[in-house]
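Chemist: Below is a structure I'd like to ask you about.
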There are 2 protein chains.
Amino acid sequence: MKSKYTTIIDIARQLNISKSTVSRALTGHPNVKEHTRKAVLELANSMEYQRNSLALGFSKHTTNTIGIMVPEFMSTYFPSVIVGVQDVMQAAGYNVVICQQNESYESEVSNMKLLLSYRVDGIIVSHTKETRNFDHFTLAQRRGVPLVFFNRVPDDMNVPNVVVNDYEAAFQAVEHLIAIGRKRIAHLAGPESLVNTRLRRQGYLDALKKHDIPYNPDLVLSYDLTTEKVKIYMKHFLDLATPPDALFAINDPTAIAAMEVVKAKGLRIPEDIAIVGFSNDFSAQLVYPGLTTVAQPTADIGRTAAEMLLQELKAKVKNDYSIKKAPTVQLPTKLIIRESTMVKEKTKKR
Amino acid sequence: MKSKYTTIIDIARQLNISKSTVSRALTGHPNVKEHTRKAVLELANSMEYQRNSLALGFSKHTTNTIGIMVPEFMSTYFPSVIVGVQDVMQAAGYNVVICQQNESYESEVSNMKLLLSYRVDGIIVSHTKETRNFDHFTLAQRRGVPLVFFNRVPDDMNVPNVVVNDYEAAFQAVEHLIAIGRKRIAHLAGPESLVNTRLRRQGYLDALKKHDIPYNPDLVLSYDLTTEKVKIYMKHFLDLATPPDALFAINDPTAIAAMEVVKAKGLRIPEDIAIVGFSNDFSAQLVYPGLTTVAQPTADIGRTAAEMLLQELKAKVKNDYSIKKAPTVQLPTKLIIRESTMVKEKTKKR
DNA sequence: TTTTTCTGTGGGAACGGTTCCAATTTTTTG
DNA sequence: CAAAAAATTGGAACCGTTCCCACAGAAAAA
């Protein structure tokens with residue numbers, strides 16, 4: 001069955017010239033007579049010719065396409081990183097294909113293989129919460145496909161990455177809670193597998209220490225980020241003999257789910273319990289009361305990751321395989337204070 | 001420069017057999033001696049062989065990959081449709097690549113060409129708000145690449161699609177506003193280019209008519225869905241001599257932006273103005289007060305679209321090109337009533 | 001034993017494009 | 001006007017895989 005796509009051979013036959021010439025005319029090679037080029041371009045246009053990227057990538061060993069793999073996109077974090085990536089990549093003449101893992105390690109491995117089998121030129125990644133084995137990533141490296149990580153970065157891979165200072169941001173967030181007079185600060189942490197979890201918890205611990213607040217293990221719980229579970233953990237916190245007067249949550253969905261539980265119990269935010277989240281998801285400003293949270297420059301993260309990948313791609317072409325420390329870029333965060341931690345001045349004045 | 005990828009030829013050479021046999025062993029062709037197959041699979045494994053999808057697609061004229069194009073993914077609507085699509089497609093052994101248009105017509109055309117140049121087997125689409133010309137879609141059809149639309153469907157293309165009954169849903173939403181006693185119901189509509197806009201407005205108009213509420217053109221505005229503009233339009237509504245006592249918004253982001261304006265003006269929701277949105281975005285339950293809205297079965301929409309595409313792909317293989325009316329599937333919506341339209345019983349009782 | 005039917009394997013074309021090299025044509029130069 | 005140089009074109013190899021065809025050897029049937 002003849003394919004319905006026009007090929008350069010079709011064009012060549014019609015014009016009675018060789019396919020080499022057609023190819024040259026279409027790719028803008030200088031050595032084609034103006035007359036010929038015009039004829040080719042016109043016919044190509046009228047036949048709706050469209051280059052076959054499969055054949056091209058196959059023959060050139062490069063596809064001008066990069067992949068981006070994200071663990072999920074139900075929060076606004078990853079989508080807006082992606083927008084930043086596309087921004088830079090499109091300007092550089094690259095195509096971007098997006099893969100979404102649904103937080104499943106298995107999907108991650110198969111998406112990785114998919115991208116490699118399509119011979120993408122490079123990949124930008126944030127791994128799933130389940131990922132503990134990084135072989136599928138080193139495989140890409142062995143194949144000479146540059147990787148750039150963001151947000152969730154494997155500990156022991158020497159790979160370029162762009163992150164925020166999770167430690168510092170968490171430290172500041174907790175200090176803010178202390179500054180408004182809270183002493184029993186709970187922390188709902190993420191899964192141990194994520195660097196972010198560990199760094200943010202360390203920030204939490206060190207902020208407590210700096211202000212001579214003893215660390216209470218009862219007030220720290222790790223969980224797997226499935227927000228249904230937040231109900232259980234928050235109930236646990238609130239049922240303690242002396243319940244916490246503040247919560248630092250690993251991210252905004254967690255914080256928001258926690259708020260539901262607090263409100264359902266008839267407690268007031270922030271009077272009874274102040275709450276801080278992380279990432280400044282779109283919904284953080286919508287919930288009632290507005291959620292104090294650490295803003296991340298998502299689009300910038302995407303743009304920076306894309307630029308780093310372009311660097312890698314350029315270095316690769318130049319065969320610059322010098323083994324050096326992979327670069328890490330750290331972008332600034334900003335604590336956004338909203339009602340969930342706002343001491344009401346009015347109440348005091350009256 | 002030798003590629004770093006293992007090929008079947010590498011394997012054939014090492015085992016001193018022909019590449020045909022290697023190919024057969026790897027693809028599970030029956031005519032291979034068990035002994036040979038085992039040797040091939042083992043060596044392939046240890047050499048980390050990974051089939052070259054470019055070569056495969058190129059040679060077989062089919063890629064086992066479908067594309068999905070969405071206008072944006074900052075709201076939760078499209079991401080959750082995508083999850084539904086992936087669900088079905090992965091089970092059917094297809095890969096899914098995602099393209100995002102940022103509501104730009106130009107991106108839509110170039111993403112379409114990208115997908116076609118990669119010879120995807122089919123495409124699921126929701127077009128941008130800017131799209132008025134559908135040539136890039138008919139091009140795909142001429143190439144024999146089946147399309148399935150959802151949510152935003154071109155008017156005059158005979159193409160399979162899955163939608164909700166926008167008319168009916170809007171009708172119900174407005175009737176609900178009338179039921180709680182509202183008479184001056186404003187409508188912030190979307191751009192004229194979208195079918196959804198026209199259907200929902202018709203639902204709005206007919207609900208008014210049914211309840212003998214005269215149509216007031218001052219209370220209906222079309223806008224381009226850039227939420228910054230909502231401020232202008234809402235101010236206009238609220239500054240009318242007799243301002244509206246209810247708002248039916250084209251979608252949830254619009255409704256939520258409108259709520260901001262209303263609250264900033266010191267008016268109460270729903271007492272002064274009741275508000276209804278559309279789609280039941282994740283944020284609809286988070287805003288204060290909770291937003292009444294029309295829930296769409298997003299994951300089902302994705303799954304259904306995927307199943308329809310699989311049908312098309314199957315029909316295509318069987319060379320079943322009978323020209324018939326393309327199927328339309330309509331999925332049910334559900335009006336979710338929250339505080340933004342909830343008459344407070346308590347207040348009455350007291 | 002001879003013929004027929006399977007099995008397993010190898011060889012080579014095909015897919016659509018790029019690219020290098022050689023051949024041809026055109027232009028320039030002496 | 002011939003020779004040299006430059007411009008333009010054609011031919012063929014190549015990329016990795018599938019798949020059809022041919023063929024050898026083994027097993028089954030005659």
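Chains: A, B, ... in order of the structure tokens. Residues: from 1 per chain. Ligands: from 1, in order shown.
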After least-squares alignment of chain A to chain B over all Cα atoms in order, what RMSD do you get?

Modeler: 0.1 Å

Chemist: Just want the 10 Å neighbourhood of DT24 in chain C, counted on only C-alpha atoms (C1' of nucleotides), with same-chain residues fewer than 2 positions away dropped. Output as a ChimeraX atom specification.

Modeler: /C:22,26 /D:8-10

Chemist: Go ahead and write the selection's residues with C-alpha atoms (C1' of nucleotides) as a tab-separated table (two decimals), in the first residue's frame.

Modeler:
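As written to disk, again_14.tsv reads:
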```tsv
chain	number	residue	atom	x	y	z
C	22	DA	C1'	32.30	11.89	-9.61
C	26	DT	C1'	28.59	26.58	-17.30
D	8	DT	C1'	25.26	22.33	-10.75
D	9	DT	C1'	23.69	17.77	-10.96
D	10	DG	C1'	23.44	12.60	-10.71
```

Chemist: Taking 5 positions as the minimum chain separation for residues in the same chain, which residues sit within 12 Å of Val85 in chain A when counting only C-alpha atoms (C1' of nucleotides)? Answer as an NGL selection string.

Modeler: (:A and (66-69 or 78-80 or 90-92 or 94-98 or 123-125 or 148 or 150 or 298-310)) or (:B and (100))

Chemist: If we count only C-alpha atoms (C1' of nucleotides), what is near Ala170 in chain B at a cut-off of 8 Å, once residues fewer than 4 positions away on the same chain are taken out, given as an mmCIF file with N, CA and C atoms, in the first residue's frame?

Modeler:
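Result file is around11.cif:
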```cif
data_model
loop_
_atom_site.group_PDB
_atom_site.id
_atom_site.type_symbol
_atom_site.label_atom_id
_atom_site.label_comp_id
_atom_site.auth_asym_id
_atom_site.auth_seq_id
_atom_site.Cartn_x
_atom_site.Cartn_y
_atom_site.Cartn_z
ATOM 1 N N ASP B 166 -22.912 20.849 26.514
ATOM 2 C CA ASP B 166 -22.680 22.190 27.041
ATOM 3 C C ASP B 166 -23.982 22.969 27.183
ATOM 4 N N VAL B 174 -27.937 27.756 34.969
ATOM 5 C CA VAL B 174 -28.670 29.022 35.055
ATOM 6 C C VAL B 174 -30.012 28.814 35.753
ATOM 7 N N ARG B 200 -23.010 27.159 25.406
ATOM 8 C CA ARG B 200 -23.306 27.539 26.793
ATOM 9 C C ARG B 200 -24.128 28.818 26.828
ATOM 10 N N ARG B 201 -23.837 29.740 25.927
ATOM 11 C CA ARG B 201 -24.622 30.968 25.928
ATOM 12 C C ARG B 201 -26.062 30.669 25.546
ATOM 13 N N GLY B 203 -27.673 27.977 26.119
ATOM 14 C CA GLY B 203 -28.281 27.385 27.306
ATOM 15 C C GLY B 203 -28.709 28.464 28.285
ATOM 16 N N TYR B 204 -27.833 29.421 28.462
ATOM 17 C CA TYR B 204 -28.110 30.553 29.349
ATOM 18 C C TYR B 204 -29.362 31.293 28.878
#
```

Chemist: Where in range 1-208 of chain A does DSSP assign helix (DSSP H, G or I), given as a ChimeraX atom specification?

Modeler: /A:8-15,19-27,34-46,53-60,77-91,105-117,135-142,166-179,195-208

Chemist: Write out as a list of chain:residue names every residue belonging to chain A that has an atom at most 8 Å from any atom of chain C, counting only C-alpha atoms (C1' of nucleotides).

Modeler: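 The contacting residues on chain A are A:Thr7, A:Ile8, A:Ser23, A:Asn52, A:Ala55, A:Leu56, A:Ser59, A:Lys60.
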
Chemist: Could the residues in this selection be written to a file with N, CA and C atoms, as an mmCIF file, in the first residue's frame?

Modeler:
```cif
data_model
loop_
_atom_site.group_PDB
_atom_site.id
_atom_site.type_symbol
_atom_site.label_atom_id
_atom_site.label_comp_id
_atom_site.auth_asym_id
_atom_site.auth_seq_id
_atom_site.Cartn_x
_atom_site.Cartn_y
_atom_site.Cartn_z
ATOM 1 N N THR A 7 6.980 12.168 -0.952
ATOM 2 C CA THR A 7 8.400 12.016 -0.646
ATOM 3 C C THR A 7 9.227 12.835 -1.627
ATOM 4 N N ILE A 8 10.496 12.989 -1.326
ATOM 5 C CA ILE A 8 11.327 13.751 -2.252
ATOM 6 C C ILE A 8 11.466 13.013 -3.576
ATOM 7 N N SER A 23 16.661 17.183 -2.458
ATOM 8 C CA SER A 23 17.061 17.291 -1.064
ATOM 9 C C SER A 23 17.831 18.590 -0.833
ATOM 10 N N ASN A 52 10.035 13.622 6.375
ATOM 11 C CA ASN A 52 9.819 12.464 7.241
ATOM 12 C C ASN A 52 10.886 12.466 8.326
ATOM 13 N N ALA A 55 12.857 9.192 8.915
ATOM 14 C CA ALA A 55 13.941 8.939 7.974
ATOM 15 C C ALA A 55 15.113 9.861 8.267
ATOM 16 N N LEU A 56 14.772 11.099 8.569
ATOM 17 C CA LEU A 56 15.814 12.082 8.814
ATOM 18 C C LEU A 56 16.643 11.723 10.044
ATOM 19 N N SER A 59 18.718 8.720 9.530
ATOM 20 C CA SER A 59 19.906 8.856 8.709
ATOM 21 C C SER A 59 20.936 9.802 9.337
ATOM 22 N N LYS A 60 20.464 10.814 10.056
ATOM 23 C CA LYS A 60 21.393 11.796 10.623
ATOM 24 C C LYS A 60 21.831 11.496 12.050
#
```

Chemist: Check which residues of chain D sit at most 12 Å from chain A using only C-alpha atoms (C1' of nucleotides), and return one row each with the closest pair of atoms and their distance in Å to one decimal, ordered by chain and rising number, as CSV.

Modeler:
```
residue,atom,partner,partner_atom,distance
D:DA6,C1',A:Asn31,CA,10.7
D:DA7,C1',A:Asn31,CA,7.0
D:DT8,C1',A:Val32,CA,6.2
D:DT9,C1',A:Thr21,CA,6.8
D:DG10,C1',A:Ser18,CA,6.2
D:DG11,C1',A:Ser18,CA,8.9
D:DA12,C1',A:Ser20,CA,10.7
D:DA13,C1',A:Ser59,CA,11.8
D:DC14,C1',A:Ser59,CA,7.6
D:DC15,C1',A:Ser59,CA,4.5
D:DG16,C1',A:Phe58,CA,7.9
D:DT17,C1',A:Phe58,CA,10.9
```

Chemist: Using only C-alpha atoms, select each residue of chain A with any atom at most 8 Å away from an atom of chain B, and give the selection as a ChimeraX atom specification.

Modeler: /A:3-5,50-55,57-58,61,73-76,79-80,83,95-99,102,113-114,117-119,142-144,283,286-288

Chemist: Residues within 9 Å of Ala249 in chain A, please, as a list in words. Count only C-alpha atoms (C1' of nucleotides); anything in the same chain fewer than 5 positions from it doesn't count.

Modeler: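 My list of contacting residues is Ala186, His187, Leu188, Ala189, Gly190, Thr254, Ala255, Ala258, Ile275, Val276, Gly277 and Phe278 of chain A.
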
Chemist: With N, CA, C and O atoms retained, write the just-selected residues as a PDB file, in the first residue's frame.

Modeler:
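The result, stored in selection20.pdb:
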```pdb
ATOM      1  N   ALA A 186       4.777  21.255  63.946  1.00  0.00           N
ATOM      2  CA  ALA A 186       4.783  19.913  63.356  1.00  0.00           C
ATOM      3  C   ALA A 186       5.319  19.986  61.932  1.00  0.00           C
ATOM      4  O   ALA A 186       5.310  21.041  61.299  1.00  0.00           O
ATOM      5  N   HIS A 187       5.790  18.835  61.455  1.00  0.00           N
ATOM      6  CA  HIS A 187       6.278  18.787  60.079  1.00  0.00           C
ATOM      7  C   HIS A 187       5.778  17.524  59.398  1.00  0.00           C
ATOM      8  O   HIS A 187       6.077  16.416  59.826  1.00  0.00           O
ATOM      9  N   LEU A 188       4.986  17.711  58.320  1.00  0.00           N
ATOM     10  CA  LEU A 188       4.566  16.581  57.503  1.00  0.00           C
ATOM     11  C   LEU A 188       5.563  16.480  56.363  1.00  0.00           C
ATOM     12  O   LEU A 188       5.550  17.302  55.432  1.00  0.00           O
ATOM     13  N   ALA A 189       6.448  15.502  56.439  1.00  0.00           N
ATOM     14  CA  ALA A 189       7.526  15.375  55.455  1.00  0.00           C
ATOM     15  C   ALA A 189       7.133  14.426  54.334  1.00  0.00           C
ATOM     16  O   ALA A 189       6.163  13.678  54.450  1.00  0.00           O
ATOM     17  N   GLY A 190       7.912  14.468  53.255  1.00  0.00           N
ATOM     18  CA  GLY A 190       7.643  13.582  52.116  1.00  0.00           C
ATOM     19  C   GLY A 190       8.370  12.265  52.258  1.00  0.00           C
ATOM     20  O   GLY A 190       8.952  11.977  53.305  1.00  0.00           O
ATOM     21  N   THR A 254      -0.279  19.066  50.260  1.00  0.00           N
ATOM     22  CA  THR A 254      -0.298  18.540  51.619  1.00  0.00           C
ATOM     23  C   THR A 254      -0.864  19.575  52.589  1.00  0.00           C
ATOM     24  O   THR A 254      -1.741  19.275  53.407  1.00  0.00           O
ATOM     25  N   ALA A 255      -0.374  20.795  52.476  1.00  0.00           N
ATOM     26  CA  ALA A 255      -0.829  21.852  53.369  1.00  0.00           C
ATOM     27  C   ALA A 255      -2.331  22.078  53.220  1.00  0.00           C
ATOM     28  O   ALA A 255      -3.062  22.222  54.197  1.00  0.00           O
ATOM     29  N   ALA A 258      -4.279  19.378  54.700  1.00  0.00           N
ATOM     30  CA  ALA A 258      -4.219  19.523  56.159  1.00  0.00           C
ATOM     31  C   ALA A 258      -5.203  20.586  56.634  1.00  0.00           C
ATOM     32  O   ALA A 258      -5.874  20.419  57.661  1.00  0.00           O
ATOM     33  N   ILE A 275      -0.170  27.494  59.345  1.00  0.00           N
ATOM     34  CA  ILE A 275       0.253  26.495  58.353  1.00  0.00           C
ATOM     35  C   ILE A 275       1.104  27.130  57.253  1.00  0.00           C
ATOM     36  O   ILE A 275       0.800  28.216  56.757  1.00  0.00           O
ATOM     37  N   VAL A 276       2.189  26.424  56.922  1.00  0.00           N
ATOM     38  CA  VAL A 276       3.045  26.848  55.814  1.00  0.00           C
ATOM     39  C   VAL A 276       3.205  25.699  54.835  1.00  0.00           C
ATOM     40  O   VAL A 276       3.377  24.555  55.242  1.00  0.00           O
ATOM     41  N   GLY A 277       3.135  26.023  53.546  1.00  0.00           N
ATOM     42  CA  GLY A 277       3.319  25.009  52.518  1.00  0.00           C
ATOM     43  C   GLY A 277       4.626  25.218  51.771  1.00  0.00           C
ATOM     44  O   GLY A 277       5.535  25.875  52.259  1.00  0.00           O
ATOM     45  N   PHE A 278       4.713  24.667  50.565  1.00  0.00           N
ATOM     46  CA  PHE A 278       5.942  24.795  49.787  1.00  0.00           C
ATOM     47  C   PHE A 278       5.599  24.736  48.297  1.00  0.00           C
ATOM     48  O   PHE A 278       4.878  23.842  47.866  1.00  0.00           O
TER      49      PHE A 278
END
```

Chemist: Could you work out how far CA of Met112 in chain A lies from CA of Val120 in chain B, giving the answer in Å with one decimal?

Modeler: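 Those two atoms sit 18.3 Å apart.
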
Chemist: Using DSSP assignments from the backbone, pull out every residue in range 31-264 of chain B that falls under strand (DSSP E) and give it to me as a VMD selection string.

Modeler: chain B and resid 65 to 70 95 to 100 122 to 125 147 to 150 161 to 164 185 to 189 220 to 222 246 to 249

Chemist: Go ahead and write the residues just picked, N, CA and C atoms, as an mmCIF file, in the first residue's frame.

Modeler:
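Saved to again05.cif:
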```cif
data_model
loop_
_atom_site.group_PDB
_atom_site.id
_atom_site.type_symbol
_atom_site.label_atom_id
_atom_site.label_comp_id
_atom_site.auth_asym_id
_atom_site.auth_seq_id
_atom_site.Cartn_x
_atom_site.Cartn_y
_atom_site.Cartn_z
ATOM 1 N N THR B 65 2.546 4.892 18.108
ATOM 2 C CA THR B 65 2.586 6.068 18.969
ATOM 3 C C THR B 65 1.458 6.999 18.554
ATOM 4 N N ILE B 66 0.789 7.566 19.533
ATOM 5 C CA ILE B 66 -0.222 8.568 19.192
ATOM 6 C C ILE B 66 0.146 9.873 19.884
ATOM 7 N N GLY B 67 -0.369 10.951 19.350
ATOM 8 C CA GLY B 67 -0.110 12.262 19.944
ATOM 9 C C GLY B 67 -1.371 12.804 20.584
ATOM 10 N N ILE B 68 -1.187 13.616 21.600
ATOM 11 C CA ILE B 68 -2.339 14.347 22.131
ATOM 12 C C ILE B 68 -1.961 15.811 22.228
ATOM 13 N N MET B 69 -2.816 16.659 21.669
ATOM 14 C CA MET B 69 -2.543 18.092 21.644
ATOM 15 C C MET B 69 -3.570 18.829 22.486
ATOM 16 N N VAL B 70 -3.099 19.579 23.461
ATOM 17 C CA VAL B 70 -4.022 20.342 24.298
ATOM 18 C C VAL B 70 -3.630 21.810 24.281
ATOM 19 N N ASN B 95 2.248 4.155 22.655
ATOM 20 C CA ASN B 95 2.933 5.225 23.363
ATOM 21 C C ASN B 95 2.169 6.521 23.136
ATOM 22 N N VAL B 96 2.265 7.404 24.090
ATOM 23 C CA VAL B 96 1.561 8.677 23.981
ATOM 24 C C VAL B 96 2.553 9.823 24.127
ATOM 25 N N VAL B 97 2.588 10.718 23.167
ATOM 26 C CA VAL B 97 3.379 11.929 23.370
ATOM 27 C C VAL B 97 2.431 13.118 23.457
ATOM 28 N N ILE B 98 2.803 14.047 24.311
ATOM 29 C CA ILE B 98 1.925 15.157 24.646
ATOM 30 C C ILE B 98 2.485 16.446 24.061
ATOM 31 N N CYS B 99 1.620 17.242 23.454
ATOM 32 C CA CYS B 99 2.048 18.557 23.000
ATOM 33 C C CYS B 99 1.135 19.601 23.619
ATOM 34 N N GLN B 100 1.704 20.741 23.898
ATOM 35 C CA GLN B 100 0.970 21.776 24.591
ATOM 36 C C GLN B 100 1.095 23.060 23.787
ATOM 37 N N GLY B 122 -2.051 8.321 15.169
ATOM 38 C CA GLY B 122 -3.318 9.008 15.367
ATOM 39 C C GLY B 122 -3.127 10.162 16.325
ATOM 40 N N ILE B 123 -4.112 11.062 16.371
ATOM 41 C CA ILE B 123 -3.961 12.246 17.217
ATOM 42 C C ILE B 123 -5.273 12.582 17.908
ATOM 43 N N ILE B 124 -5.171 12.894 19.193
ATOM 44 C CA ILE B 124 -6.320 13.366 19.954
ATOM 45 C C ILE B 124 -6.120 14.861 20.194
ATOM 46 N N VAL B 125 -7.146 15.645 19.899
ATOM 47 C CA VAL B 125 -6.959 17.095 19.893
ATOM 48 C C VAL B 125 -8.054 17.861 20.613
ATOM 49 N N LEU B 147 -8.067 11.358 13.521
ATOM 50 C CA LEU B 147 -8.140 12.356 14.581
ATOM 51 C C LEU B 147 -9.354 12.079 15.444
ATOM 52 N N VAL B 148 -9.244 12.411 16.717
ATOM 53 C CA VAL B 148 -10.421 12.444 17.588
ATOM 54 C C VAL B 148 -10.357 13.745 18.358
ATOM 55 N N PHE B 149 -11.425 14.501 18.349
ATOM 56 C CA PHE B 149 -11.466 15.758 19.095
ATOM 57 C C PHE B 149 -12.194 15.575 20.410
ATOM 58 N N PHE B 150 -11.878 16.445 21.350
ATOM 59 C CA PHE B 150 -12.677 16.485 22.578
ATOM 60 C C PHE B 150 -12.763 17.921 23.059
ATOM 61 N N ASN B 161 -15.705 12.754 17.904
ATOM 62 C CA ASN B 161 -15.414 13.649 19.021
ATOM 63 C C ASN B 161 -16.146 13.231 20.265
ATOM 64 N N VAL B 162 -15.597 13.630 21.391
ATOM 65 C CA VAL B 162 -16.275 13.372 22.654
ATOM 66 C C VAL B 162 -16.406 14.683 23.406
ATOM 67 N N VAL B 163 -17.624 14.953 23.806
ATOM 68 C CA VAL B 163 -17.962 16.237 24.411
ATOM 69 C C VAL B 163 -18.930 16.027 25.571
ATOM 70 N N VAL B 164 -19.281 17.119 26.203
ATOM 71 C CA VAL B 164 -20.402 17.068 27.134
ATOM 72 C C VAL B 164 -21.509 17.919 26.523
ATOM 73 N N ILE B 185 -29.082 37.916 35.985
ATOM 74 C CA ILE B 185 -27.972 36.977 35.879
ATOM 75 C C ILE B 185 -27.030 37.377 34.746
ATOM 76 N N ALA B 186 -25.795 37.709 35.124
ATOM 77 C CA ALA B 186 -24.808 38.087 34.109
ATOM 78 C C ALA B 186 -24.130 36.840 33.563
ATOM 79 N N HIS B 187 -23.555 36.985 32.385
ATOM 80 C CA HIS B 187 -22.833 35.859 31.795
ATOM 81 C C HIS B 187 -21.516 36.350 31.188
ATOM 82 N N LEU B 188 -20.404 35.839 31.731
ATOM 83 C CA LEU B 188 -19.111 36.116 31.123
ATOM 84 C C LEU B 188 -18.807 34.966 30.175
ATOM 85 N N ALA B 189 -18.936 35.218 28.884
ATOM 86 C CA ALA B 189 -18.792 34.163 27.884
ATOM 87 C C ALA B 189 -17.372 34.132 27.336
ATOM 88 N N VAL B 220 -24.282 40.406 29.230
ATOM 89 C CA VAL B 220 -23.522 39.340 28.571
ATOM 90 C C VAL B 220 -22.292 39.926 27.883
ATOM 91 N N LEU B 221 -21.145 39.381 28.226
ATOM 92 C CA LEU B 221 -19.897 39.831 27.597
ATOM 93 C C LEU B 221 -19.078 38.622 27.161
ATOM 94 N N SER B 222 -18.560 38.705 25.943
ATOM 95 C CA SER B 222 -17.612 37.679 25.487
ATOM 96 C C SER B 222 -16.215 38.175 25.794
ATOM 97 N N ALA B 246 -26.257 37.717 40.091
ATOM 98 C CA ALA B 246 -25.663 36.392 39.857
ATOM 99 C C ALA B 246 -24.765 36.458 38.638
ATOM 100 N N LEU B 247 -23.802 35.509 38.600
ATOM 101 C CA LEU B 247 -22.905 35.430 37.451
ATOM 102 C C LEU B 247 -22.751 33.978 37.034
ATOM 103 N N PHE B 248 -22.951 33.750 35.746
ATOM 104 C CA PHE B 248 -22.626 32.435 35.185
ATOM 105 C C PHE B 248 -21.365 32.621 34.343
ATOM 106 N N ALA B 249 -20.267 32.023 34.779
ATOM 107 C CA ALA B 249 -18.987 32.215 34.098
ATOM 108 C C ALA B 249 -18.695 31.036 33.182
#
```

Chemist: Can you work out which one of B:Asp252, B:Asp206, B:Asp218, B:Glu312 has the shortest atom-to-atom distance to Asp121 in chain B, counting only C-alpha atoms?

Modeler: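 Looking at the shortest contact to Asp121 in chain B, the residue is B:Glu312.
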